[in-house]
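What's in protein_0.csv: CSV, C-alpha atoms
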chain,number,residue,atom,x,y,z
T,1,ASN,CA,-4.1,1.4,3.4
T,2,SER,CA,-5.2,-1.4,5.7
T,3,GLN,CA,-1.7,-2.7,6.0
T,4,ASN,CA,-0.5,0.7,7.1
T,5,ILE,CA,-3.1,0.6,9.9
T,6,ILE,CA,-2.0,-2.9,11.0
T,7,ILE,CA,1.6,-1.9,11.2
T,8,ALA,CA,0.9,1.4,12.9
T,9,ALA,CA,-1.2,-0.3,15.5
T,10,ASP,CA,1.5,-2.9,16.1
T,11,TYR,CA,4.4,-0.5,16.5
T,12,GLY,CA,2.4,2.4,18.1
T,13,LEU,CA,2.9,4.8,15.3
T,14,ASP,CA,0.9,8.0,15.1
T,15,VAL,CA,0.1,10.5,12.4
T,16,ALA,CA,3.1,12.6,13.2
T,17,TRP,CA,5.4,9.7,12.5
T,18,PHE,CA,3.8,9.1,9.1
T,19,ALA,CA,4.0,12.8,8.3
T,20,THR,CA,7.7,12.9,9.3
T,21,TYR,CA,9.0,9.7,7.6
T,22,LEU,CA,6.6,8.7,4.9
T,23,PHE,CA,5.1,11.9,3.6
T,24,PRO,CA,8.4,13.2,2.1
T,25,ILE,CA,9.1,10.0,0.2
T,26,MET,CA,5.5,9.9,-1.0
T,27,ILE,CA,5.8,13.4,-2.4
T,28,LEU,CA,9.3,12.7,-3.9
T,29,SER,CA,8.1,9.5,-5.6
T,30,MET,CA,5.0,11.2,-7.0
T,31,LEU,CA,7.0,14.1,-8.5
T,32,VAL,CA,9.6,11.7,-10.0
T,33,VAL,CA,7.0,9.5,-11.5
T,34,ILE,CA,5.1,12.4,-12.9
T,35,ALA,CA,8.3,13.8,-14.4
T,36,TYR,CA,9.2,10.4,-15.8
T,37,ILE,CA,5.8,9.9,-17.4
T,38,ASP,CA,5.8,13.4,-18.9
T,39,PHE,CA,9.3,13.2,-20.4
T,40,PHE,CA,9.5,9.6,-21.4
T,41,GLU,CA,6.0,8.5,-22.1
T,42,ILE,CA,3.6,11.3,-22.9
T,43,ARG,CA,6.0,13.4,-25.0
T,44,LYS,CA,6.7,10.4,-27.2
T,45,GLN,CA,3.0,10.2,-28.3
T,46,ALA,CA,1.4,12.3,-31.0
T,47,PRO,CA,-1.1,14.8,-29.7
T,48,PRO,CA,-4.8,13.6,-29.8
T,49,ALA,CA,-7.1,14.9,-32.5
T,50,GLU,CA,-9.6,17.6,-31.6
T,51,GLU,CA,-12.6,15.2,-31.5
T,52,PHE,CA,-10.7,13.0,-29.0
T,53,LYS,CA,-10.0,16.0,-26.9
T,54,ASP,CA,-13.7,16.7,-26.6
T,55,VAL,CA,-14.3,13.1,-25.6
T,56,LEU,CA,-11.6,13.2,-22.9
T,57,LEU,CA,-13.0,16.4,-21.5
T,58,LYS,CA,-16.5,14.9,-21.3
T,59,VAL,CA,-15.2,11.8,-19.6
T,60,LEU,CA,-13.5,14.0,-17.0
T,61,ARG,CA,-16.8,15.6,-16.0
T,62,PRO,CA,-17.8,14.7,-12.4
T,63,THR,CA,-21.4,14.2,-13.5
T,64,LEU,CA,-20.5,11.0,-15.3
T,65,VAL,CA,-19.4,9.3,-12.1
T,66,ILE,CA,-21.5,11.2,-9.5
T,67,ILE,CA,-25.0,9.9,-9.9
T,68,ASN,CA,-26.5,11.0,-6.6
T,69,ASN,CA,-25.2,14.3,-5.3
T,70,LYS,CA,-26.7,13.9,-1.9
T,71,LYS,CA,-25.1,10.5,-1.3
T,72,PHE,CA,-21.8,11.8,-2.6
T,73,ILE,CA,-21.9,14.7,-0.2
T,74,ILE,CA,-22.8,12.5,2.7
T,75,ALA,CA,-20.1,10.0,1.8
T,76,SER,CA,-17.5,12.7,1.4
T,77,VAL,CA,-18.3,14.3,4.8
T,78,SER,CA,-18.3,10.9,6.5
T,79,PHE,CA,-15.0,10.0,5.0
T,80,MET,CA,-13.4,13.3,6.1
T,81,CYS,CA,-14.8,12.8,9.6
T,82,ILE,CA,-13.3,9.3,9.7
T,83,VAL,CA,-9.9,10.6,8.6
T,84,ALA,CA,-10.1,13.3,11.3
T,85,CYS,CA,-11.0,10.7,13.9
T,86,LEU,CA,-8.1,8.5,12.8
T,87,ILE,CA,-5.8,11.5,13.5
T,88,ILE,CA,-7.3,12.3,16.8
T,89,ILE,CA,-8.2,8.9,18.2
T,90,PRO,CA,-5.2,6.4,18.6
T,91,CYS,CA,-7.4,3.3,18.6
T,92,THR,CA,-7.9,3.0,14.8
T,93,TYR,CA,-9.9,-0.2,15.0
T,94,ILE,CA,-12.6,1.6,17.1
T,95,VAL,CA,-12.7,4.4,14.5
T,96,ALA,CA,-13.0,1.9,11.7
T,97,LEU,CA,-15.8,0.0,13.5
T,98,VAL,CA,-17.8,3.1,14.4
T,99,GLY,CA,-17.3,4.6,11.0
T,100,ALA,CA,-18.6,1.4,9.3
T,101,VAL,CA,-21.7,1.4,11.6
T,102,VAL,CA,-22.4,5.1,10.9
T,103,LEU,CA,-22.0,4.6,7.1
T,104,SER,CA,-24.3,1.6,7.3
T,105,ILE,CA,-26.9,3.6,9.1
T,106,LEU,CA,-26.7,6.4,6.6
T,107,GLU,CA,-27.1,4.0,3.8
T,108,ARG,CA,-30.3,2.8,5.5
T,109,GLU,CA,-29.7,-0.9,4.7
T,110,SER,CA,-30.7,-3.8,6.9
T,111,LEU,CA,-28.0,-5.8,8.7
T,112,ALA,CA,-28.9,-8.8,6.7
T,113,THR,CA,-28.3,-7.0,3.4
T,114,ILE,CA,-25.0,-5.7,4.6
T,115,PHE,CA,-23.8,-9.1,5.6
T,116,LYS,CA,-24.8,-10.5,2.2
T,117,LYS,CA,-22.3,-8.0,0.7
T,118,VAL,CA,-19.4,-9.1,2.8
T,119,ASP,CA,-16.8,-11.1,1.0
T,120,TRP,CA,-16.7,-14.1,3.4
T,121,GLY,CA,-14.1,-15.8,1.3
T,122,THR,CA,-11.7,-13.0,2.1
T,123,VAL,CA,-12.6,-13.1,5.7
T,124,SER,CA,-12.0,-16.8,5.9
T,125,PHE,CA,-8.7,-16.4,4.1
T,126,PHE,CA,-7.4,-13.9,6.6
T,127,VAL,CA,-8.6,-16.0,9.5
T,128,THR,CA,-6.7,-19.0,8.1
T,129,LEU,CA,-3.6,-16.8,7.4
T,130,PHE,CA,-3.5,-15.6,11.0
T,131,LEU,CA,-3.7,-19.1,12.2
T,132,LEU,CA,-1.0,-20.3,9.8
T,133,THR,CA,1.3,-17.4,10.8
T,134,GLY,CA,0.7,-18.2,14.5
T,135,CYS,CA,1.6,-21.8,13.9
T,136,MET,CA,4.8,-20.8,12.0
T,137,ASP,CA,5.7,-18.5,14.9
T,138,ILE,CA,5.2,-21.3,17.4
T,139,ASN,CA,7.2,-23.9,15.5
T,140,GLY,CA,10.2,-21.6,15.0
T,141,THR,CA,9.8,-20.8,11.3
T,142,MET,CA,9.6,-17.1,11.9
T,143,THR,CA,12.7,-17.2,14.1
T,144,ALA,CA,14.6,-19.1,11.4
T,145,ILE,CA,13.7,-16.4,8.8
T,146,SER,CA,14.7,-13.7,11.3
T,147,GLU,CA,18.1,-15.4,11.8
T,148,LEU,CA,18.6,-15.5,8.1
T,149,VAL,CA,17.9,-11.8,7.7
T,150,MET,CA,20.2,-11.1,10.7
T,151,ASN,CA,23.1,-13.0,9.1
T,152,VAL,CA,22.7,-11.1,5.9
T,153,THR,CA,22.5,-7.6,7.5
T,154,THR,CA,25.4,-8.1,9.9
T,155,GLY,CA,23.7,-5.8,12.4
T,156,ASN,CA,23.8,-2.6,10.3
T,157,PRO,CA,20.5,-0.7,10.5
T,158,PHE,CA,20.8,0.7,7.0
T,159,ILE,CA,21.7,-2.7,5.4
T,160,ALA,CA,18.9,-4.3,7.4
T,161,SER,CA,16.4,-1.7,6.0
T,162,VAL,CA,17.5,-2.4,2.4
T,163,VAL,CA,17.2,-6.1,2.9
T,164,ILE,CA,13.7,-5.7,4.4
T,165,LEU,CA,12.7,-3.4,1.5
T,166,VAL,CA,13.8,-6.0,-1.1
T,167,ILE,CA,12.4,-9.1,0.7
T,168,SER,CA,9.0,-7.5,1.5
T,169,SER,CA,8.7,-6.2,-2.1
T,170,VAL,CA,9.4,-9.6,-3.6
T,171,VAL,CA,7.0,-11.4,-1.3
T,172,THR,CA,4.3,-8.7,-1.7
T,173,SER,CA,4.5,-9.1,-5.5
T,174,ALA,CA,3.3,-12.6,-5.2
T,175,LEU,CA,0.8,-12.0,-2.4
T,176,SER,CA,-1.3,-8.9,-1.7
T,177,PRO,CA,0.0,-6.4,0.9
T,178,ASN,CA,-2.3,-7.5,3.7
T,179,PRO,CA,-1.2,-11.2,3.8
T,180,ALA,CA,2.4,-10.1,3.5
T,181,THR,CA,2.0,-7.7,6.4
T,182,VAL,CA,0.5,-10.5,8.6
T,183,PHE,CA,3.4,-12.8,7.6
T,184,PHE,CA,6.2,-10.4,8.2
T,185,LEU,CA,5.2,-8.7,11.5
T,186,PRO,CA,6.3,-11.6,13.7
T,187,VAL,CA,9.5,-12.0,11.6
T,188,PHE,CA,10.6,-8.4,12.2
T,189,LYS,CA,9.6,-8.5,15.9
T,190,ASP,CA,12.0,-11.5,16.3
T,191,LEU,CA,14.6,-9.6,14.3
T,192,PHE,CA,14.4,-6.5,16.5
T,193,GLY,CA,14.7,-8.7,19.6
T,194,MET,CA,17.8,-10.6,18.2
T,195,MET,CA,19.7,-7.5,17.1
T,196,PRO,CA,20.0,-4.7,19.6
T,197,THR,CA,21.7,-2.5,17.1
T,198,ILE,CA,18.5,-2.5,15.1
T,199,GLY,CA,15.7,-3.0,17.6
T,200,ALA,CA,17.1,-1.2,20.7
T,201,THR,CA,15.5,2.2,20.2
T,202,MET,CA,12.8,3.7,17.9
T,203,ALA,CA,15.6,5.5,16.1
T,204,THR,CA,17.3,2.3,15.1
T,205,ARG,CA,14.0,0.6,14.2
T,206,THR,CA,12.8,3.5,12.1
T,207,PRO,CA,14.7,2.7,8.9
T,208,SER,CA,13.5,-0.9,9.0
T,209,ILE,CA,9.9,0.1,9.6
T,210,ILE,CA,10.0,2.6,6.8
T,211,ALA,CA,11.5,-0.1,4.5
T,212,PHE,CA,8.6,-2.4,5.5
T,213,PHE,CA,6.1,0.2,4.5
T,214,LEU,CA,7.8,1.0,1.3
T,215,GLY,CA,8.3,-2.7,0.4
T,216,LEU,CA,4.6,-3.5,0.9
T,217,ASN,CA,3.5,-0.7,-1.3
T,218,ILE,CA,6.2,-1.1,-3.9
T,219,GLY,CA,5.9,-4.9,-4.1
T,220,GLY,CA,2.2,-4.7,-5.0
T,221,ASN,CA,3.2,-3.1,-8.3
T,222,PHE,CA,5.7,-5.7,-9.5
T,223,LEU,CA,3.1,-8.2,-10.6
T,224,PRO,CA,-0.6,-7.5,-11.3
T,225,GLN,CA,-1.8,-10.0,-8.8
T,226,GLY,CA,-0.1,-8.1,-6.0
T,227,ALA,CA,-2.2,-5.0,-6.6
T,228,PRO,CA,-6.0,-5.0,-6.6
T,229,PRO,CA,-6.2,-1.9,-8.9
T,230,TYR,CA,-4.1,-3.8,-11.5
T,231,VAL,CA,-6.5,-6.8,-11.3
T,232,VAL,CA,-9.5,-4.6,-11.7
T,233,THR,CA,-8.0,-2.7,-14.6
T,234,LEU,CA,-7.1,-6.0,-16.4
T,235,SER,CA,-10.6,-7.2,-15.8
T,236,ILE,CA,-12.2,-4.1,-17.2
T,237,ALA,CA,-9.8,-4.0,-20.1
T,238,GLU,CA,-10.7,-7.6,-20.9
T,239,LYS,CA,-14.4,-7.0,-20.8
T,240,ILE,CA,-14.4,-3.9,-23.1
T,241,LYS,CA,-11.6,-5.4,-25.2
T,242,VAL,CA,-8.9,-2.7,-24.8
T,243,GLU,CA,-6.0,-3.4,-27.0
T,244,GLY,CA,-2.5,-3.5,-25.5
T,245,VAL,CA,-3.6,-3.8,-21.9
T,246,THR,CA,-2.6,-7.4,-21.0
T,247,PHE,CA,-1.0,-9.2,-18.1
T,248,LYS,CA,2.3,-9.0,-19.9
T,249,SER,CA,2.1,-5.3,-20.6
T,250,MET,CA,1.0,-4.5,-17.0
T,251,THR,CA,3.8,-6.5,-15.6
T,252,ARG,CA,6.3,-4.7,-17.8
T,253,VAL,CA,5.1,-1.3,-16.7
T,254,GLY,CA,4.8,-2.4,-13.1
T,255,ILE,CA,8.4,-3.7,-12.9
T,256,LYS,CA,9.7,-0.5,-14.4
T,257,PHE,CA,8.0,1.8,-11.9
T,258,SER,CA,8.6,-0.6,-9.0
T,259,LEU,CA,12.4,-0.6,-9.6
T,260,LEU,CA,12.3,3.2,-9.9
T,261,HIS,CA,10.4,3.4,-6.6
T,262,MET,CA,12.8,0.9,-5.0
T,263,LEU,CA,15.9,3.0,-6.0
T,264,LEU,CA,14.2,6.1,-4.5
T,265,GLY,CA,13.4,4.2,-1.4
T,266,ILE,CA,16.9,3.0,-0.9
T,267,ALA,CA,18.2,6.6,-1.3
T,268,PHE,CA,15.6,7.8,1.2
T,269,LEU,CA,16.5,5.1,3.7
T,270,ALA,CA,20.2,6.2,3.4
T,271,LEU,CA,19.2,9.8,4.1
T,272,VAL,CA,17.0,8.8,7.1
T,273,SER,CA,19.7,6.5,8.5
T,274,ALA,CA,22.3,9.3,8.2
T,275,VAL,CA,20.0,11.9,9.8
T,276,LEU,CA,19.1,9.5,12.7
T,277,GLY,CA,22.8,8.6,13.1
T,278,VAL,CA,22.2,4.9,12.6
T,279,ALA,CA,23.9,4.4,9.2
Translate this file's structure into structure tokens.
Amino acid sequence: NSQNIIIAADYGLDVAWFATYLFPIMILSMLVVIAYIDFFEIRKQAPPAEEFKDVLLKVLRPTLVIINNKKFIIASVSFMCIVACLIIIPCTYIVALVGAVVLSILERESLATIFKKVDWGTVSFFVTLFLLTGCMDINGTMTAISELVMNVTTGNPFIASVVILVISSVVTSALSPNPATVFFLPVFKDLFGMMPTIGATMATRTPSIIAFFLGLNIGGNFLPQGAPPYVVTLSIAEKIKVEGVTFKSMTRVGIKFSLLHMLLGIAFLALVSAVLGVA
């Protein structure tokens, strides 16, 4: 995720950090969600008829989505190379830039054609967001928010991480993760500076950083507008007139799984805080 890259670059996090602190909760969350869906959703439904089974098997065939095998292979190899470079090279923005250039060359499209495909509205939005966040940092708004969080947490790293998890989840549910990331980064920097018990060492900061990551990813599932996949799914469902897939139904499902992930996140934060000795 792009927000993960932004945070990693800001805090100097490497792949080993992600593997140590985020990979376990990712696996745990995936297993719990799969088990929940299996026991409480799928098993309640009647098995599909034989003709529908055949349709599902046909839909799952790769040939339906892979139109050009050569392009698919090139794109797959390029993607794996970019991932490998992200692991080896610490400057992620250089990898992203070079990767974009290489993929553009492989696509054999002119620069003008590529620029036409750029969503300039999104670019303008982020430029404006960075400027707005910078102004809020200068006029003291970010410091005020940091002080509010500090008063609530009372200097306890675990409580701070839980508060950060909840706040970032709520804000991300209204915005997309990237704007929320840009907004919260200066807030947490001020918070770490104000509270030595939280920001003194990497060990004391780790629960809060984990909470930030979890909040950004969990919050995007509370409301459909916070997660691009939800928006795309709703758009497709509306076009092909899928019954039962509405904003209300997606919100209901999103809230249910977001709360489940949040409980898992709090439990994981408690475990990490205890292991690091900062609880």
Distance in Å - CA of Phe183 in chain T versus CA of Thr133 in chain T: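 So the two atoms, CA of Phe183 in chain T and CA of Thr133 in chain T, lie 6.0 Å apart.
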Measuring atom to atom with only C-alpha atoms, identify which of T:Met150, T:Val163, T:Leu260, T:Val242 is nearest to Ile209 in chain T.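 Once distances to Ile209 in chain T are computed over only C-alpha atoms, the minimum belongs to T:Val163.
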List as a PyMOL selection string the protein and nucleic acid residues near Phe247 in chain T, meaning an atom at most 12 Å away when all atoms listed in the file are counted, but skip any in the same chain fewer than 3 places from it. chain T and resi 222-225+230-235+237-238+243-244+250-254
Å distance separating CA of Ala274 in chain T from CA of Thr206 in chain T, one decimal place: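 Here the two named atoms are 11.8 Å from each other.
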Selection: 7 Å around Ile164 in chain T, all atoms listed in the file, excl. self and same-chain fewer than 4 positions, as a list in words: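 After dropping sequence-adjacent residues, the list is Ala160, Ser168, Ser208, Ala211 and Phe212 of chain T.
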Calculate how many Å separate CA of Ile5 in chain T from CA of Thr92 in chain T, rounding to one decimal.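 Result for CA of Ile5 in chain T versus CA of Thr92 in chain T: 7.3 Å, one decimal.
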Find the residues near range 120-128 of chain T: any atom within 9 Å, counting all atoms listed in the file, skip ones fewer than 4 places away on the same chain, and give them as a PDB file with C-alpha atoms, in the frame of the given file.
ATOM      1  CA  PHE T 115     -23.800  -9.100   5.600  1.00  0.00           C
ATOM      2  CA  LYS T 116     -24.800 -10.500   2.200  1.00  0.00           C
ATOM      3  CA  LEU T 132      -1.000 -20.300   9.800  1.00  0.00           C
ATOM      4  CA  THR T 133       1.300 -17.400  10.800  1.00  0.00           C
ATOM      5  CA  ASN T 178      -2.300  -7.500   3.700  1.00  0.00           C
ATOM      6  CA  PRO T 179      -1.200 -11.200   3.800  1.00  0.00           C
ATOM      7  CA  VAL T 182       0.500 -10.500   8.600  1.00  0.00           C
TER       8      VAL T 182
END
Give me the residues within 10 Å of Lys189 in chain T as a ChimeraX atom specification, counting all atoms listed in the file and dropping any in the same chain fewer than 3 places off. /T:10-11,142-143,146,184-186,192-194,199
Taking all atoms listed in the file into account, name the residue in T:Met202, T:Glu107, T:Leu191, T:Asp54 that is nearest to Gly12 in chain T. T:Met202
With all heavy atoms as the goal, would you fill in the gaps in range 163-174 of chain T and present it as a PDB file, in the coordinates of the input?
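Resulting contents of result_37.pdb:
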ATOM      1  N   VAL T 163      17.568  -4.737   3.024  1.00  0.00           N
ATOM      2  CA  VAL T 163      17.200  -6.100   2.900  1.00  0.00           C
ATOM      3  C   VAL T 163      15.683  -6.314   3.122  1.00  0.00           C
ATOM      4  O   VAL T 163      14.995  -7.035   2.387  1.00  0.00           O
ATOM      5  CB  VAL T 163      17.983  -7.019   3.884  1.00  0.00           C
ATOM      6  CG1 VAL T 163      17.444  -8.450   3.900  1.00  0.00           C
ATOM      7  CG2 VAL T 163      19.462  -7.025   3.517  1.00  0.00           C
ATOM      8  N   ILE T 164      15.161  -5.637   4.134  1.00  0.00           N
ATOM      9  CA  ILE T 164      13.700  -5.700   4.400  1.00  0.00           C
ATOM     10  C   ILE T 164      12.920  -5.137   3.255  1.00  0.00           C
ATOM     11  O   ILE T 164      11.880  -5.683   2.871  1.00  0.00           O
ATOM     12  CB  ILE T 164      13.410  -4.946   5.726  1.00  0.00           C
ATOM     13  CG1 ILE T 164      13.961  -5.726   6.925  1.00  0.00           C
ATOM     14  CG2 ILE T 164      11.906  -4.722   5.887  1.00  0.00           C
ATOM     15  CD1 ILE T 164      13.888  -4.974   8.235  1.00  0.00           C
ATOM     16  N   LEU T 165      13.402  -4.044   2.682  1.00  0.00           N
ATOM     17  CA  LEU T 165      12.700  -3.400   1.500  1.00  0.00           C
ATOM     18  C   LEU T 165      12.641  -4.419   0.369  1.00  0.00           C
ATOM     19  O   LEU T 165      11.569  -4.607  -0.225  1.00  0.00           O
ATOM     20  CB  LEU T 165      13.469  -2.171   1.110  1.00  0.00           C
ATOM     21  CG  LEU T 165      13.015  -1.497  -0.196  1.00  0.00           C
ATOM     22  CD1 LEU T 165      11.580  -1.018  -0.081  1.00  0.00           C
ATOM     23  CD2 LEU T 165      13.937  -0.340  -0.556  1.00  0.00           C
ATOM     24  N   VAL T 166      13.749  -5.061   0.068  1.00  0.00           N
ATOM     25  CA  VAL T 166      13.800  -6.000  -1.100  1.00  0.00           C
ATOM     26  C   VAL T 166      12.934  -7.224  -0.805  1.00  0.00           C
ATOM     27  O   VAL T 166      12.120  -7.634  -1.651  1.00  0.00           O
ATOM     28  CB  VAL T 166      15.247  -6.393  -1.378  1.00  0.00           C
ATOM     29  CG1 VAL T 166      15.281  -7.468  -2.463  1.00  0.00           C
ATOM     30  CG2 VAL T 166      16.061  -5.181  -1.806  1.00  0.00           C
ATOM     31  N   ILE T 167      13.099  -7.818   0.383  1.00  0.00           N
ATOM     32  CA  ILE T 167      12.400  -9.100   0.700  1.00  0.00           C
ATOM     33  C   ILE T 167      10.858  -8.803   0.722  1.00  0.00           C
ATOM     34  O   ILE T 167      10.077  -9.554   0.129  1.00  0.00           O
ATOM     35  CB  ILE T 167      12.832  -9.631   2.048  1.00  0.00           C
ATOM     36  CG1 ILE T 167      14.272 -10.140   1.943  1.00  0.00           C
ATOM     37  CG2 ILE T 167      11.914 -10.768   2.492  1.00  0.00           C
ATOM     38  CD1 ILE T 167      14.836 -10.657   3.247  1.00  0.00           C
ATOM     39  N   SER T 168      10.446  -7.747   1.404  1.00  0.00           N
ATOM     40  CA  SER T 168       9.000  -7.500   1.500  1.00  0.00           C
ATOM     41  C   SER T 168       8.426  -7.117   0.129  1.00  0.00           C
ATOM     42  O   SER T 168       7.275  -7.454  -0.171  1.00  0.00           O
ATOM     43  CB  SER T 168       8.746  -6.335   2.492  1.00  0.00           C
ATOM     44  OG  SER T 168       9.459  -5.165   2.143  1.00  0.00           O
ATOM     45  N   SER T 169       9.221  -6.470  -0.725  1.00  0.00           N
ATOM     46  CA  SER T 169       8.700  -6.200  -2.100  1.00  0.00           C
ATOM     47  C   SER T 169       8.530  -7.420  -2.893  1.00  0.00           C
ATOM     48  O   SER T 169       7.509  -7.567  -3.580  1.00  0.00           O
ATOM     49  CB  SER T 169       9.755  -5.246  -2.797  1.00  0.00           C
ATOM     50  OG  SER T 169       9.888  -4.010  -2.153  1.00  0.00           O
ATOM     51  N   VAL T 170       9.493  -8.330  -2.811  1.00  0.00           N
ATOM     52  CA  VAL T 170       9.400  -9.600  -3.600  1.00  0.00           C
ATOM     53  C   VAL T 170       8.221 -10.416  -3.136  1.00  0.00           C
ATOM     54  O   VAL T 170       7.444 -10.930  -3.954  1.00  0.00           O
ATOM     55  CB  VAL T 170      10.721 -10.367  -3.476  1.00  0.00           C
ATOM     56  CG1 VAL T 170      10.564 -11.743  -4.111  1.00  0.00           C
ATOM     57  CG2 VAL T 170      11.860  -9.609  -4.144  1.00  0.00           C
ATOM     58  N   VAL T 171       8.068 -10.551  -1.818  1.00  0.00           N
ATOM     59  CA  VAL T 171       7.000 -11.400  -1.300  1.00  0.00           C
ATOM     60  C   VAL T 171       5.618 -10.738  -1.611  1.00  0.00           C
ATOM     61  O   VAL T 171       4.667 -11.428  -1.997  1.00  0.00           O
ATOM     62  CB  VAL T 171       7.131 -11.574   0.229  1.00  0.00           C
ATOM     63  CG1 VAL T 171       5.908 -12.283   0.808  1.00  0.00           C
ATOM     64  CG2 VAL T 171       8.384 -12.382   0.523  1.00  0.00           C
ATOM     65  N   THR T 172       5.529  -9.423  -1.482  1.00  0.00           N
ATOM     66  CA  THR T 172       4.300  -8.700  -1.700  1.00  0.00           C
ATOM     67  C   THR T 172       3.878  -8.810  -3.211  1.00  0.00           C
ATOM     68  O   THR T 172       2.694  -8.731  -3.551  1.00  0.00           O
ATOM     69  CB  THR T 172       4.348  -7.260  -1.305  1.00  0.00           C
ATOM     70  OG1 THR T 172       4.842  -7.194   0.030  1.00  0.00           O
ATOM     71  CG2 THR T 172       2.988  -6.592  -1.346  1.00  0.00           C
ATOM     72  N   SER T 173       4.865  -8.954  -4.089  1.00  0.00           N
ATOM     73  CA  SER T 173       4.500  -9.100  -5.500  1.00  0.00           C
ATOM     74  C   SER T 173       3.794 -10.346  -5.826  1.00  0.00           C
ATOM     75  O   SER T 173       3.034 -10.408  -6.797  1.00  0.00           O
ATOM     76  CB  SER T 173       5.833  -8.999  -6.346  1.00  0.00           C
ATOM     77  OG  SER T 173       6.649 -10.131  -6.099  1.00  0.00           O
ATOM     78  N   ALA T 174       4.013 -11.371  -5.010  1.00  0.00           N
ATOM     79  CA  ALA T 174       3.300 -12.600  -5.200  1.00  0.00           C
ATOM     80  C   ALA T 174       1.996 -12.675  -4.432  1.00  0.00           C
ATOM     81  O   ALA T 174       1.017 -13.281  -4.859  1.00  0.00           O
ATOM     82  CB  ALA T 174       4.190 -13.812  -4.809  1.00  0.00           C
TER      83      ALA T 174
END
